[in-house]
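Colleague: My file is final_3.txt. It has compact mmCIF, C-alpha atoms:
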# COMPACT_ATOMS: atom_id res chain seq x y z
CA MET A 1 0.00 0.00 0.00
CA MET A 2 3.08 2.20 -0.24
CA ALA A 3 1.63 3.76 -3.38
CA GLU A 4 -1.29 5.24 -1.45
CA SER A 5 0.70 8.15 -0.07
CA GLN A 6 2.92 8.58 -3.11
CA ALA A 7 2.80 11.98 -4.86
CA LEU A 8 3.24 11.83 -8.61
CA VAL A 9 4.31 15.05 -10.27
CA LEU A 10 3.63 16.02 -13.87
CA ALA A 11 4.47 19.05 -15.97
CA PRO A 12 2.47 20.11 -19.05
CA ILE A 13 3.99 19.50 -22.50
CA GLY A 14 1.79 22.16 -24.08
CA ILE A 15 -1.44 24.09 -23.92
CA ILE A 16 -4.78 23.75 -25.68
CA HIS A 17 -6.29 26.78 -27.41
CA SER A 18 -9.99 26.20 -27.95
CA PRO A 19 -13.11 28.21 -28.82
CA TYR A 20 -14.62 27.20 -25.47
CA LYS A 21 -13.72 30.12 -23.18
CA ALA A 22 -15.99 29.33 -20.24
CA VAL A 23 -16.94 26.08 -18.49
CA GLY A 24 -20.55 26.38 -19.65
CA GLN A 25 -19.48 26.48 -23.33
CA VAL A 26 -17.63 23.18 -23.30
CA PRO A 27 -19.59 20.32 -24.88
CA ARG A 28 -20.01 17.18 -22.79
CA GLN A 29 -17.99 15.36 -25.43
CA GLY A 30 -16.01 16.71 -28.37
CA SER A 31 -16.98 13.77 -30.57
CA GLY A 32 -19.08 14.91 -33.51
CA ARG A 33 -18.33 18.62 -33.00
CA ASP A 34 -16.96 20.74 -35.84
CA GLU A 35 -14.99 23.28 -33.81
CA ILE A 36 -11.25 23.41 -34.45
CA CYS A 37 -8.78 23.54 -31.57
CA GLN A 38 -5.09 24.44 -31.72
CA VAL A 39 -2.91 22.17 -29.63
CA GLU A 40 0.33 24.02 -28.92
CA VAL A 41 3.21 21.76 -27.91
CA PHE A 42 6.00 23.63 -26.14
CA GLY A 43 9.06 24.11 -28.35
CA GLU A 44 11.27 21.85 -26.25
CA PHE A 45 9.03 18.89 -27.21
CA GLU A 46 8.54 19.73 -30.91
CA GLU A 47 10.96 17.04 -32.07
CA GLY A 48 8.59 14.48 -30.53
CA LEU A 49 5.95 15.43 -33.15
CA ARG A 50 8.04 14.32 -36.15
CA ASP A 51 5.89 12.30 -38.60
CA ILE A 52 2.76 12.64 -36.45
CA GLU A 53 0.95 13.66 -39.67
CA MET A 54 0.99 9.94 -40.53
CA PHE A 55 -1.88 9.53 -38.08
CA SER A 56 -5.43 10.67 -38.76
CA HIS A 57 -6.39 10.46 -35.11
CA LEU A 58 -4.62 11.02 -31.79
CA VAL A 59 -5.38 10.42 -28.14
CA LEU A 60 -4.85 13.52 -26.02
CA ILE A 61 -4.51 13.47 -22.24
CA TYR A 62 -4.89 16.78 -20.44
CA TRP A 63 -5.39 18.32 -17.03
CA PHE A 64 -8.87 19.49 -15.98
CA HIS A 65 -7.40 22.72 -14.57
CA ARG A 66 -10.80 24.31 -13.92
CA SER A 67 -12.07 21.32 -11.96
CA ALA A 68 -12.00 21.45 -8.16
CA GLY A 69 -12.95 18.68 -5.77
CA TYR A 70 -15.15 15.70 -6.52
CA SER A 71 -17.96 13.54 -5.25
CA LEU A 72 -17.82 9.73 -5.40
CA SER A 73 -21.51 9.66 -6.28
CA VAL A 74 -22.63 11.54 -9.39
CA THR A 75 -25.48 11.63 -11.87
CA PRO A 76 -23.78 10.73 -15.16
CA SER A 77 -24.81 11.89 -18.63
CA TRP A 78 -26.30 8.48 -19.45
CA ASP A 79 -28.88 8.31 -16.62
CA MET A 80 -31.15 10.36 -14.37
CA ARG A 81 -30.10 8.80 -11.08
CA PRO A 82 -26.77 8.76 -9.22
CA HIS A 83 -24.04 6.19 -9.81
CA GLY A 84 -20.39 5.84 -8.82
CA LEU A 85 -18.06 8.56 -10.07
CA PHE A 86 -16.03 6.06 -12.13
CA THR A 87 -19.08 5.32 -14.31
CA SER A 88 -18.96 8.96 -15.46
CA ARG A 89 -16.68 11.18 -17.51
CA SER A 90 -17.11 14.10 -15.12
CA PRO A 91 -14.05 16.40 -14.95
CA ARG A 92 -14.39 16.43 -11.15
CA ARG A 93 -12.39 13.31 -10.16
CA PRO A 94 -9.50 12.40 -7.81
CA SER A 95 -7.04 12.45 -10.74
CA PRO A 96 -8.36 15.33 -12.89
CA LEU A 97 -7.19 13.78 -16.16
CA GLY A 98 -9.12 14.38 -19.38
CA LEU A 99 -8.98 12.03 -22.32
CA CYS A 100 -10.16 12.60 -25.87
CA VAL A 101 -9.68 10.96 -29.26
CA VAL A 102 -9.30 13.78 -31.81
CA GLU A 103 -8.96 14.07 -35.58
CA LEU A 104 -5.63 15.55 -36.68
CA LEU A 105 -6.30 18.04 -39.49
CA ALA A 106 -2.91 19.69 -39.87
CA ARG A 107 0.38 20.44 -38.17
CA GLU A 108 2.32 23.67 -38.35
CA ARG A 109 5.65 23.25 -36.57
CA ASN A 110 4.72 22.80 -32.90
CA VAL A 111 0.97 23.39 -33.32
CA LEU A 112 -1.59 20.71 -34.14
CA LYS A 113 -4.94 21.66 -35.58
CA VAL A 114 -7.52 19.13 -34.34
CA ARG A 115 -11.25 18.49 -34.45
CA GLY A 116 -13.46 16.77 -31.86
CA LEU A 117 -11.80 18.05 -28.70
CA ASP A 118 -13.93 19.08 -25.71
CA ALA A 119 -11.33 20.99 -23.65
CA ILE A 120 -11.70 24.52 -22.33
CA ASP A 121 -9.29 27.22 -23.59
CA GLY A 122 -5.99 27.19 -21.70
CA THR A 123 -6.13 23.51 -20.71
CA PRO A 124 -2.66 22.11 -19.91
CA LEU A 125 -1.70 19.29 -22.28
CA LEU A 126 -0.03 16.25 -20.70
CA ASP A 127 0.43 13.67 -23.44
CA ILE A 128 -0.22 12.80 -27.08
CA LYS A 129 -0.48 9.19 -28.20
CA PRO A 130 -1.16 7.75 -31.64
CA TYR A 131 -4.65 6.27 -31.95
CA PHE A 132 -4.71 2.66 -33.13
CA PRO A 133 -8.18 1.21 -33.82
CA HIS A 134 -6.91 -2.35 -33.30
CA ILE A 135 -5.84 -1.65 -29.73
CA ASP A 136 -8.09 1.24 -28.69
CA GLU A 137 -11.43 -0.17 -29.83
CA ARG A 138 -13.34 -2.98 -28.17
CA ASP A 139 -16.55 -4.81 -28.86
CA SER A 140 -18.51 -3.27 -26.04
CA THR A 141 -21.94 -4.36 -24.86
CA MET B 1 2.84 30.29 -21.17
CA MET B 2 2.43 30.24 -17.41
CA ALA B 3 1.52 26.56 -17.62
CA GLU B 4 5.04 25.62 -18.72
CA SER B 5 6.51 25.78 -15.23
CA GLN B 6 3.38 24.55 -13.45
CA ALA B 7 3.73 21.36 -11.39
CA LEU B 8 0.65 19.15 -11.38
CA VAL B 9 0.41 16.68 -8.53
CA LEU B 10 -1.50 13.40 -8.59
CA ALA B 11 -2.05 10.63 -6.06
CA PRO B 12 -2.90 7.04 -7.02
CA ILE B 13 -6.47 5.82 -6.49
CA GLY B 14 -5.37 2.20 -6.47
CA ILE B 15 -2.81 -0.34 -7.57
CA ILE B 16 -2.71 -2.88 -10.40
CA HIS B 17 -1.87 -6.51 -9.61
CA SER B 18 -0.78 -8.26 -12.78
CA PRO B 19 0.98 -11.48 -13.81
CA TYR B 20 3.72 -9.38 -15.42
CA LYS B 21 6.36 -9.13 -12.69
CA ALA B 22 9.26 -7.78 -14.75
CA VAL B 23 9.50 -5.18 -17.51
CA GLY B 24 10.49 -7.83 -20.08
CA GLN B 25 7.29 -9.83 -19.41
CA VAL B 26 4.87 -7.02 -20.22
CA PRO B 27 3.28 -7.34 -23.67
CA ARG B 28 3.58 -4.32 -25.98
CA GLN B 29 -0.21 -4.08 -25.81
CA GLY B 30 -2.69 -5.88 -23.59
CA SER B 31 -5.25 -6.09 -26.38
CA GLY B 32 -5.91 -9.68 -27.36
CA ARG B 33 -4.15 -11.14 -24.30
CA ASP B 34 -5.92 -13.61 -22.02
CA GLU B 35 -4.15 -12.81 -18.76
CA ILE B 36 -6.34 -11.54 -15.93
CA CYS B 37 -5.29 -8.54 -13.84
CA GLN B 38 -6.74 -7.44 -10.50
CA VAL B 39 -7.29 -3.70 -10.27
CA GLU B 40 -7.42 -2.79 -6.58
CA VAL B 41 -9.09 0.54 -5.87
CA PHE B 42 -8.20 1.94 -2.46
CA GLY B 43 -11.07 1.62 0.03
CA GLU B 44 -11.60 5.37 0.28
CA PHE B 45 -12.65 5.41 -3.40
CA GLU B 46 -14.78 2.22 -3.42
CA GLU B 47 -18.05 4.17 -3.46
CA GLY B 48 -16.99 5.56 -6.85
CA LEU B 49 -17.24 2.04 -8.32
CA ARG B 50 -20.98 1.69 -7.68
CA ASP B 51 -22.74 0.22 -10.76
CA ILE B 52 -19.51 -0.03 -12.73
CA GLU B 53 -20.57 -3.61 -13.60
CA MET B 54 -22.97 -1.99 -16.08
CA PHE B 55 -19.98 -1.48 -18.36
CA SER B 56 -18.29 -4.27 -20.27
CA HIS B 57 -15.20 -2.16 -20.93
CA LEU B 58 -13.31 0.54 -19.07
CA VAL B 59 -10.51 2.96 -19.82
CA LEU B 60 -7.73 2.81 -17.26
CA ILE B 61 -5.10 5.52 -16.82
CA TYR B 62 -2.03 4.60 -14.81
CA TRP B 63 1.48 5.74 -13.98
CA PHE B 64 4.46 4.12 -15.73
CA HIS B 65 6.34 3.86 -12.43
CA ARG B 66 9.17 1.76 -13.88
CA SER B 67 9.83 4.22 -16.69
CA ALA B 68 12.69 6.69 -16.34
CA GLY B 69 13.63 9.45 -18.75
CA TYR B 70 12.69 9.66 -22.41
CA SER B 71 13.99 10.44 -25.88
CA LEU B 72 12.00 12.63 -28.31
CA SER B 73 13.06 10.35 -31.16
CA VAL B 74 12.15 6.65 -30.91
CA THR B 75 11.71 3.62 -33.12
CA PRO B 76 8.03 2.76 -32.63
CA SER B 77 6.49 -0.71 -32.83
CA TRP B 78 4.96 0.03 -36.24
CA ASP B 79 8.21 0.80 -38.12
CA MET B 80 11.93 0.04 -38.34
CA ARG B 81 13.15 3.64 -38.40
CA PRO B 82 12.94 6.46 -35.85
CA HIS B 83 9.99 8.84 -35.55
CA GLY B 84 8.87 11.41 -33.01
CA LEU B 85 8.09 10.10 -29.53
CA PHE B 86 4.42 11.13 -29.78
CA THR B 87 3.90 8.69 -32.68
CA SER B 88 4.69 5.87 -30.23
CA ARG B 89 3.12 4.27 -27.18
CA SER B 90 6.48 3.95 -25.42
CA PRO B 91 6.24 4.16 -21.61
CA ARG B 92 9.23 6.51 -21.63
CA ARG B 93 7.58 9.93 -22.14
CA PRO B 94 7.52 13.37 -20.46
CA SER B 95 4.20 12.55 -18.76
CA PRO B 96 4.57 8.84 -17.93
CA LEU B 97 0.85 8.11 -18.29
CA GLY B 98 -0.35 4.73 -19.50
CA LEU B 99 -3.72 4.20 -21.12
CA CYS B 100 -5.54 0.95 -21.82
CA VAL B 101 -9.06 -0.12 -22.73
CA VAL B 102 -9.82 -3.27 -20.72
CA GLU B 103 -12.64 -5.78 -20.48
CA LEU B 104 -14.35 -5.81 -17.07
CA LEU B 105 -14.95 -9.44 -16.08
CA ALA B 106 -16.08 -9.05 -12.48
CA ARG B 107 -16.02 -6.83 -9.44
CA GLU B 108 -15.53 -7.92 -5.83
CA ARG B 109 -15.97 -4.94 -3.54
CA ASN B 110 -13.02 -2.67 -4.34
CA VAL B 111 -11.28 -5.05 -6.76
CA LEU B 112 -11.96 -5.24 -10.49
CA LYS B 113 -10.99 -8.33 -12.45
CA VAL B 114 -10.03 -7.23 -15.98
CA ARG B 115 -8.64 -8.69 -19.20
CA GLY B 116 -6.48 -7.01 -21.84
CA LEU B 117 -4.30 -4.87 -19.58
CA ASP B 118 -0.58 -4.49 -20.33
CA ALA B 119 0.61 -3.00 -17.02
CA ILE B 120 3.41 -4.36 -14.87
CA ASP B 121 2.61 -5.63 -11.36
CA GLY B 122 2.44 -2.81 -8.80
CA THR B 123 1.52 -0.08 -11.28
CA PRO B 124 -0.18 2.91 -9.58
CA LEU B 125 -3.72 3.42 -10.87
CA LEU B 126 -4.77 7.02 -11.54
CA ASP B 127 -8.23 6.92 -13.06
CA ILE B 128 -11.05 4.71 -14.33
CA LYS B 129 -13.46 5.95 -16.99
CA PRO B 130 -16.37 4.18 -18.64
CA TYR B 131 -15.64 3.19 -22.24
CA PHE B 132 -18.18 4.47 -24.75
CA PRO B 133 -17.73 3.22 -28.33
CA HIS B 134 -19.60 6.24 -29.72
CA ILE B 135 -17.11 8.70 -28.28
CA ASP B 136 -13.93 6.64 -27.97
CA GLU B 137 -13.86 5.13 -31.46
CA ARG B 138 -13.04 6.96 -34.66
CA ASP B 139 -12.89 6.05 -38.32
CA SER B 140 -9.14 6.11 -38.60
CA THR B 141 -7.15 5.92 -41.85
Please re-express this file's structure in structure tokens.

Modeller:
Amino acid sequence: MMAESQALVLAPIGIIHSPYKAVGQVPRQGSGRDEICQVEVFGEFEEGLRDIEMFSHLVLIYWFHRSAGYSLSVTPSWDMRPHGLFTSRSPRRPSPLGLCVVELLARERNVLKVRGLDAIDGTPLLDIKPYFPHIDERDST
Amino acid sequence: MMAESQALVLAPIGIIHSPYKAVGQVPRQGSGRDEICQVEVFGEFEEGLRDIEMFSHLVLIYWFHRSAGYSLSVTPSWDMRPHGLFTSRSPRRPSPLGLCVVELLARERNVLKVRGLDAIDGTPLLDIKPYFPHIDERDST
């Protein structure tokens, strides 16, 4: 149980510029939205983007910087009654990590232009991973 | 650019018990593997698991605790020549965050039995999200 008291420290690798300037403007999910976001990767990490244009879709992980606190019981988007927090995608969670699969439209040096992202303007970016349908999709019931 | 120097602190919500005891035993991806892992959620977060059995698949985010350092140029699993780090799923990255879609087989109190997870034994668990095909899958080229 050593891990229970362990503090894990991250630093952003970039920042997300989005048309959603206030919490109330952010869609519940970016999927299916037409808005374009600019994902700025800090210059020191630009080399890590080489050949990323080979991928049509990426997985972004980011920090819900506007989220504060959480409840373990929430009413998720898919029902009218409360369920456990981990059945929801609420930004208010113990580890305030956001996750979104986005479409990569273009890259200009250290900036990625993406579609389908539901993050608020100024969101700290933590990671970019290539999206692979054969490992990221499951036959779900 | 304030975010560049910002330190973001996380604490694990649980720990992953897996049959992979050494780095060399961990498959490149858990997808398609039959091994069962036990995802132990710390007791203080157990209430957040209520009704999670309604989902056949979950997204787990965890900390690559055995990873140290990174290179911005790597040879990814899908090619023989080097590309940018963010085109790879390597555990060695600026934010050492692992991501896996797993099949939920059973839950016993605060322990989830899952299949398809590629994490090494003792991996700190950061988050659990429900997997929704309509938002987590994309037509990728």

Colleague: Identify which of the residues A:Ile16, A:Ile52, A:Ala68, A:Val74 lies closest to chain B, counting only C-alpha atoms when measuring atom-to-atom distances.

Modeller: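 Once distances to chain B are computed over only C-alpha atoms, the minimum belongs to A:Ile52.
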
Colleague: Select, from A:Val26, A:Pro82, A:Ala7, A:Asp121, the residue with the minimum atom-to-atom distance to chain B, counting all atoms listed in the file.

Modeller: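 When distances to chain B are compared using all atoms listed in the file, the smallest one comes from A:Ala7.
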
Colleague: May I have chain B as an mmCIF file with C-alpha atoms, in the frame of the given file, after a least-squares superposition on chain A that uses all C-alpha atoms paired in order?

Modeller:
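Below is the file that was written, result.cif:
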data_model
loop_
_atom_site.group_PDB
_atom_site.id
_atom_site.type_symbol
_atom_site.label_atom_id
_atom_site.label_comp_id
_atom_site.auth_asym_id
_atom_site.auth_seq_id
_atom_site.Cartn_x
_atom_site.Cartn_y
_atom_site.Cartn_z
ATOM 1 C CA MET B 1 0.131 -0.113 -0.106
ATOM 2 C CA MET B 2 3.105 2.221 -0.238
ATOM 3 C CA ALA B 3 1.652 3.796 -3.372
ATOM 4 C CA GLU B 4 -1.274 5.264 -1.433
ATOM 5 C CA SER B 5 0.707 8.179 -0.039
ATOM 6 C CA GLN B 6 2.938 8.608 -3.091
ATOM 7 C CA ALA B 7 2.811 11.997 -4.836
ATOM 8 C CA LEU B 8 3.239 11.843 -8.599
ATOM 9 C CA VAL B 9 4.318 15.061 -10.262
ATOM 10 C CA LEU B 10 3.638 16.033 -13.868
ATOM 11 C CA ALA B 11 4.484 19.067 -15.978
ATOM 12 C CA PRO B 12 2.486 20.119 -19.049
ATOM 13 C CA ILE B 13 3.998 19.506 -22.492
ATOM 14 C CA GLY B 14 1.793 22.142 -24.075
ATOM 15 C CA ILE B 15 -1.430 24.091 -23.914
ATOM 16 C CA ILE B 16 -4.779 23.736 -25.682
ATOM 17 C CA HIS B 17 -6.292 26.767 -27.424
ATOM 18 C CA SER B 18 -9.992 26.192 -27.948
ATOM 19 C CA PRO B 19 -13.104 28.208 -28.831
ATOM 20 C CA TYR B 20 -14.615 27.202 -25.482
ATOM 21 C CA LYS B 21 -13.712 30.109 -23.198
ATOM 22 C CA ALA B 22 -15.986 29.317 -20.253
ATOM 23 C CA VAL B 23 -16.937 26.083 -18.499
ATOM 24 C CA GLY B 24 -20.565 26.383 -19.662
ATOM 25 C CA GLN B 25 -19.490 26.490 -23.339
ATOM 26 C CA VAL B 26 -17.630 23.181 -23.322
ATOM 27 C CA PRO B 27 -19.601 20.330 -24.910
ATOM 28 C CA ARG B 28 -20.047 17.179 -22.807
ATOM 29 C CA GLN B 29 -18.015 15.373 -25.464
ATOM 30 C CA GLY B 30 -16.031 16.731 -28.386
ATOM 31 C CA SER B 31 -16.998 13.799 -30.588
ATOM 32 C CA GLY B 32 -19.102 14.927 -33.518
ATOM 33 C CA ARG B 33 -18.338 18.635 -33.007
ATOM 34 C CA ASP B 34 -16.960 20.756 -35.842
ATOM 35 C CA GLU B 35 -14.991 23.286 -33.812
ATOM 36 C CA ILE B 36 -11.249 23.399 -34.445
ATOM 37 C CA CYS B 37 -8.780 23.534 -31.555
ATOM 38 C CA GLN B 38 -5.087 24.432 -31.721
ATOM 39 C CA VAL B 39 -2.900 22.150 -29.634
ATOM 40 C CA GLU B 40 0.339 24.010 -28.924
ATOM 41 C CA VAL B 41 3.222 21.760 -27.918
ATOM 42 C CA PHE B 42 6.000 23.628 -26.137
ATOM 43 C CA GLY B 43 9.064 24.121 -28.352
ATOM 44 C CA GLU B 44 11.261 21.856 -26.243
ATOM 45 C CA PHE B 45 9.033 18.896 -27.201
ATOM 46 C CA GLU B 46 8.529 19.739 -30.909
ATOM 47 C CA GLU B 47 10.962 17.043 -32.054
ATOM 48 C CA GLY B 48 8.585 14.480 -30.527
ATOM 49 C CA LEU B 49 5.955 15.435 -33.133
ATOM 50 C CA ARG B 50 8.038 14.308 -36.118
ATOM 51 C CA ASP B 51 5.884 12.292 -38.576
ATOM 52 C CA ILE B 52 2.770 12.645 -36.443
ATOM 53 C CA GLU B 53 0.943 13.653 -39.659
ATOM 54 C CA MET B 54 0.990 9.936 -40.508
ATOM 55 C CA PHE B 55 -1.886 9.529 -38.066
ATOM 56 C CA SER B 56 -5.419 10.677 -38.764
ATOM 57 C CA HIS B 57 -6.383 10.461 -35.095
ATOM 58 C CA LEU B 58 -4.623 11.013 -31.791
ATOM 59 C CA VAL B 59 -5.371 10.421 -28.137
ATOM 60 C CA LEU B 60 -4.848 13.513 -26.023
ATOM 61 C CA ILE B 61 -4.493 13.463 -22.238
ATOM 62 C CA TYR B 62 -4.879 16.774 -20.450
ATOM 63 C CA TRP B 63 -5.386 18.309 -17.030
ATOM 64 C CA PHE B 64 -8.861 19.488 -15.981
ATOM 65 C CA HIS B 65 -7.412 22.714 -14.570
ATOM 66 C CA ARG B 66 -10.818 24.301 -13.935
ATOM 67 C CA SER B 67 -12.070 21.313 -11.964
ATOM 68 C CA ALA B 68 -12.004 21.451 -8.172
ATOM 69 C CA GLY B 69 -12.950 18.685 -5.771
ATOM 70 C CA TYR B 70 -15.135 15.691 -6.533
ATOM 71 C CA SER B 71 -17.972 13.543 -5.237
ATOM 72 C CA LEU B 72 -17.814 9.721 -5.400
ATOM 73 C CA SER B 73 -21.510 9.652 -6.281
ATOM 74 C CA VAL B 74 -22.630 11.544 -9.403
ATOM 75 C CA THR B 75 -25.491 11.633 -11.865
ATOM 76 C CA PRO B 76 -23.788 10.731 -15.153
ATOM 77 C CA SER B 77 -24.837 11.895 -18.617
ATOM 78 C CA TRP B 78 -26.308 8.481 -19.454
ATOM 79 C CA ASP B 79 -28.887 8.310 -16.623
ATOM 80 C CA MET B 80 -31.167 10.352 -14.366
ATOM 81 C CA ARG B 81 -30.100 8.790 -11.069
ATOM 82 C CA PRO B 82 -26.776 8.744 -9.212
ATOM 83 C CA HIS B 83 -24.039 6.174 -9.814
ATOM 84 C CA GLY B 84 -20.410 5.840 -8.802
ATOM 85 C CA LEU B 85 -18.061 8.547 -10.062
ATOM 86 C CA PHE B 86 -16.027 6.059 -12.128
ATOM 87 C CA THR B 87 -19.089 5.309 -14.296
ATOM 88 C CA SER B 88 -18.959 8.948 -15.445
ATOM 89 C CA ARG B 89 -16.693 11.168 -17.511
ATOM 90 C CA SER B 90 -17.121 14.100 -15.121
ATOM 91 C CA PRO B 91 -14.068 16.395 -14.951
ATOM 92 C CA ARG B 92 -14.395 16.418 -11.162
ATOM 93 C CA ARG B 93 -12.389 13.315 -10.149
ATOM 94 C CA PRO B 94 -9.494 12.401 -7.816
ATOM 95 C CA SER B 95 -7.041 12.449 -10.742
ATOM 96 C CA PRO B 96 -8.338 15.332 -12.885
ATOM 97 C CA LEU B 97 -7.189 13.772 -16.163
ATOM 98 C CA GLY B 98 -9.109 14.372 -19.369
ATOM 99 C CA LEU B 99 -8.971 12.023 -22.323
ATOM 100 C CA CYS B 100 -10.157 12.595 -25.877
ATOM 101 C CA VAL B 101 -9.673 10.961 -29.262
ATOM 102 C CA VAL B 102 -9.293 13.772 -31.810
ATOM 103 C CA GLU B 103 -8.957 14.068 -35.567
ATOM 104 C CA LEU B 104 -5.620 15.548 -36.674
ATOM 105 C CA LEU B 105 -6.301 18.036 -39.477
ATOM 106 C CA ALA B 106 -2.900 19.669 -39.863
ATOM 107 C CA ARG B 107 0.380 20.425 -38.176
ATOM 108 C CA GLU B 108 2.328 23.687 -38.336
ATOM 109 C CA ARG B 109 5.642 23.267 -36.559
ATOM 110 C CA ASN B 110 4.716 22.799 -32.896
ATOM 111 C CA VAL B 111 0.971 23.394 -33.313
ATOM 112 C CA LEU B 112 -1.577 20.708 -34.151
ATOM 113 C CA LYS B 113 -4.948 21.660 -35.588
ATOM 114 C CA VAL B 114 -7.518 19.126 -34.336
ATOM 115 C CA ARG B 115 -11.261 18.489 -34.447
ATOM 116 C CA GLY B 116 -13.463 16.772 -31.866
ATOM 117 C CA LEU B 117 -11.805 18.051 -28.695
ATOM 118 C CA ASP B 118 -13.946 19.078 -25.710
ATOM 119 C CA ALA B 119 -11.342 20.968 -23.651
ATOM 120 C CA ILE B 120 -11.702 24.501 -22.349
ATOM 121 C CA ASP B 121 -9.303 27.196 -23.596
ATOM 122 C CA GLY B 122 -5.990 27.175 -21.708
ATOM 123 C CA THR B 123 -6.123 23.508 -20.718
ATOM 124 C CA PRO B 124 -2.648 22.099 -19.905
ATOM 125 C CA LEU B 125 -1.695 19.284 -22.277
ATOM 126 C CA LEU B 126 -0.009 16.251 -20.705
ATOM 127 C CA ASP B 127 0.448 13.676 -23.435
ATOM 128 C CA ILE B 128 -0.201 12.795 -27.075
ATOM 129 C CA LYS B 129 -0.462 9.176 -28.195
ATOM 130 C CA PRO B 130 -1.146 7.744 -31.631
ATOM 131 C CA TYR B 131 -4.640 6.272 -31.942
ATOM 132 C CA PHE B 132 -4.709 2.668 -33.124
ATOM 133 C CA PRO B 133 -8.178 1.228 -33.816
ATOM 134 C CA HIS B 134 -6.912 -2.330 -33.280
ATOM 135 C CA ILE B 135 -5.862 -1.636 -29.711
ATOM 136 C CA ASP B 136 -8.103 1.261 -28.691
ATOM 137 C CA GLU B 137 -11.446 -0.145 -29.834
ATOM 138 C CA ARG B 138 -13.361 -2.951 -28.183
ATOM 139 C CA ASP B 139 -16.588 -4.781 -28.877
ATOM 140 C CA SER B 140 -18.543 -3.242 -26.057
ATOM 141 C CA THR B 141 -21.997 -4.356 -24.879
#

Colleague: Please compute the CA of Ile15 in chain A-CA of His134 in chain A distance, one decimal, in Å.

Modeller: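 So the two atoms, CA of Ile15 in chain A and CA of His134 in chain A, lie 28.6 Å apart.
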
Colleague: Please return, as number ranges by chain, all residues of chain A lying within 8 Å of chain B when all atoms listed in the file are considered.

Modeller: A: 3-15, 29, 31, 42, 45, 47-52, 55-57, 72-73, 83-89, 94-95, 97, 100-101, 124, 126-130, 132-133, 135-138, 140-141

Colleague: Just give me the gap between CA of Ser18 in chain A and CA of Asp34 in chain A in Å, one decimal is fine.

Modeller: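 Calculated distance between CA of Ser18 in chain A and CA of Asp34 in chain A is 11.9 Å.
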
Colleague: What is the CA of Val23 in chain A to CA of Ser77 in chain A distance in Å?

Modeller: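 Computed distance, CA of Val23 in chain A to CA of Ser77 in chain A, equals 16.2 Å.
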
Colleague: Emit as lines of an AutoDock Vina configuration file the padded axis-aligned box for all listed atoms of range 59-70 of chain B, 6 Å per side, with centre and edge lengths in Å to one decimal.

Modeller:
center_x = 1.6
center_y = 5.7
center_z = -17.4
size_x = 36.1
size_y = 19.9
size_z = 22.0

Colleague: Nearest to Asn110 in chain A: which of A:Phe64, A:Tyr70, A:Arg92, A:Val41 is it, counting only C-alpha atoms?

Modeller: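 Looking only at the distances to Asn110 in chain A, the closest residue turns out to be A:Val41.
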